[in-house]
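Engineer: Before I ask anything, here is the structure I am working with.
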4 protein chains.
Amino acid sequence: MVIAEISVVPLGTGTPSVSKYVARAVEVLQQEKGIRYELTAMGTTIEGDLDKILMAAKKMHEVLFQQGAARVLTTIRIDDRRDKAASMKDKVDSLKRELDRRSSQ
Amino acid sequence: MVIAEISVVPLGTGTPSVSKYVARAVEVLQQEKGIRYELTAMGTTIEGDLDKILMAAKKMHEVLFQQGAARVLTTIRIDDRRDKAASMKDKVDSLKRELDRRSSQ
Amino acid sequence: MVIAEISVVPLGTGTPSVSKYVARAVEVLQQEKGIRYELTAMGTTIEGDLDKILMAAKKMHEVLFQQGAARVLTTIRIDDRRDKAASMKDKVDSLKRELDRRSSQ
Amino acid sequence: MVIAEISVVPLGTGTPSVSKYVARAVEVLQQEKGIRYELTAMGTTIEGDLDKILMAAKKMHEVLFQQGAARVLTTIRIDDRRDKAASMKDKVDSLKRELDRRSSQ
């Protein structure tokens with residue numbers, strides 16, 4: 001299982017607000033099977049199979065053109081760890097445990 | 001107020017786990033005044049003044065060398081919107097409202 | 001035609017040098033048809049069809065595990081402009097022309 | 001010496017072309033002392049002292065607002081290696097040598 005972050009940005013839309021575009025991309029993501037996602041202030045974090053994540057990223061990217069964008073910037077950041085399984089929640093929990101351990105020393 | 005994401009990665013540490021390094025960087029962030037942060041599965045999102053965010057990013061980057069890293073990759077993604085104020089929470093809430101509005105249509 | 005940048009980073013390799021890993025990833029890229037690439041100091045820029053770029057990125061990512069990496073961070077940044085065709089060279093040339101125009105004013 | 005990549009993107013400008021904005025940012029960069037830069041198809045690579053790079057990134061980011069942008073997305077990717085000195089050219093040359101060595105085997 002891979003953890004990733006996807007960010008899609010339309011250029012030249014005439015307004016600095018992009019939430020309508022991003023909402024449409026998240027709707028596309030909601031229809032994908034076999035992945036989990038979370039919305040953050042800087043993108044969407046996803047966990048799932050690498051092929052499914054890349055396919056989802058492509059669909060999110062494409063749907064912005066269907067919404068009228070002439071240019072789309074998409075960033076996909078992939079964190080793929082194969083020595084042990086880790087979900088998005090595991091990864092954040094592990095960091096919080098380490099922070100707790102340190103603050104109690 | 002600016003929203004940003006900071007990710008710090010040590011290279012050549014001999015172990016695929018980076019949580020000890022990242023925890024130390026988050027401790028550094030916790031000591032910074034005038035910013036708010038949230039831990040995500042792919043980095044740390046931050047809101048605050050741009051200068052403070054860049055200073056915090058630099059400190060998080062530097063502390064990994066103090067922890068013994070020989071090479072550090074740091075990514076800073078900045079979303080700076082000046083036509084209206086928006087916190088990290090506002091940004092995610094705005095997206096969720098748009099998703100709710102669409103699903104109820 | 002899409003312009004993109006791919007960066008692959010192995011974690012926990014025991015050495016801060018990653019050029020052997022990156023070289024193997026570039027060799028994989030060299031075998032892909034229908035794309036052009038350039039090496040930069042911070043990644044590999046690519047132009048070609050979006051599907052081919054995503055497929056190439058996946059292969060570059062996977063080959064690092066075959067080289068022994070236990071964890072791989074891959075970043076794919078996509079710039080997809082559909083109102084006009086532009087190669088990597090066109091994009092840099094356009095920027096340089098704009099710089100020349102300004103400096104001669 | 002640090003190697004970095006800076007990308008600045010204006011949102012809501014009404015046109016998918018961003019070269020006028022990016023050109024202005026590069027002009028700002030040209031006035032900075034103690035750094036070297038190269039234009040690539042996906043951003044500007046820079047080498048220099050970390051503080052100077054962050055300062056340059058901030059100025060490039062700010063100048064887009066002076067050009068009329070209401071929202072600016074800036075990405076700074078930093079590769080900081082302290083076990084040996086390496087310029088942008090060294091880094092690409094090292095990769096090319098590794099590729100040559102492999103192709104001649």
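Quick note on naming: the chains in the structure tokens go A, B, ... in the order shown, residues restart at 1 in each chain, and ligands are numbered from 1 in order of appearance.
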Using only C-alpha atoms and a distance of at most 10 Å, pull out the residues of chain D that contact chain A, as a VMD selection string.
Structural biologist: chain D and resid 9 to 18 69 to 73
Engineer: Please give the complete set of residues from segment 9-92 of chain D that DSSP, run on the backbone, assigns to strand (DSSP E or B), formatted as a short mmCIF file (atom, residue, chain, number, x, y, z; two decimals) with C-alpha atoms, in the first residue's frame.
Structural biologist:
```
data_model
loop_
_atom_site.label_atom_id
_atom_site.label_comp_id
_atom_site.auth_asym_id
_atom_site.auth_seq_id
_atom_site.Cartn_x
_atom_site.Cartn_y
_atom_site.Cartn_z
CA VAL D 9 2.53 30.30 -10.24
CA PRO D 10 -0.09 33.08 -10.28
CA LEU D 11 -3.75 31.98 -9.99
CA ILE D 35 23.58 32.67 -6.33
CA ARG D 36 23.58 31.00 -9.73
CA TYR D 37 20.43 29.91 -11.53
CA GLU D 38 19.26 27.99 -14.58
CA LEU D 39 15.88 28.08 -16.29
CA THR D 40 14.22 24.70 -16.86
CA GLY D 43 11.01 25.94 -12.74
CA THR D 44 14.26 27.66 -11.92
CA THR D 45 17.14 25.72 -10.40
CA ILE D 46 19.40 27.68 -8.07
CA GLU D 47 22.64 27.10 -6.22
CA GLY D 48 23.92 29.18 -3.32
CA ARG D 71 -3.05 34.38 -5.31
CA VAL D 72 0.38 32.84 -5.79
CA LEU D 73 1.49 29.24 -5.40
CA THR D 74 5.21 28.88 -4.80
CA THR D 75 7.11 25.62 -4.50
CA ILE D 76 10.65 25.50 -3.12
CA ARG D 77 12.49 22.19 -3.27
CA ILE D 78 15.82 22.15 -1.44
CA ASP D 79 18.58 19.55 -1.78
CA ASP D 80 21.21 20.25 0.87
CA ARG D 81 24.16 17.89 1.00
#
```
Engineer: Rounded to one decimal place, report the atom CA of Asp100 of chain D-atom CA of Ala85 of chain D distance in Å.
Structural biologist: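 Spanning atom CA of Asp100 of chain D to atom CA of Ala85 of chain D is a straight-line distance of 22.2 Å.
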Engineer: Residues near Lys91 of chain D, anyone? I mean within 10 Å using only C-alpha atoms, not counting same-chain ones fewer than 2 positions away, as a PyMOL selection string.
Structural biologist: (chain C and resi 19+39-42) or (chain D and resi 3+85-89+93-96)
Engineer: Lys52 of chain A: which residues within 10 Å, counting only C-alpha atoms, same-chain residues fewer than 4 positions away excluded, as number ranges by chain?
Structural biologist: A: 2, 32-35, 47-48, 56-58
Engineer: Please report the interatomic distance between atom CA of Glu98 of chain A and atom CA of Val28 of chain B in Å with one decimal.
Structural biologist: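 Spanning atom CA of Glu98 of chain A to atom CA of Val28 of chain B is a straight-line distance of 13.9 Å.
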Engineer: Pull the alpha helix (DSSP H) assignments for segment 61-100 of chain A out of DSSP run on the backbone, and list those residues as a PyMOL selection string.
Structural biologist: chain A and resi 61-66+88-100
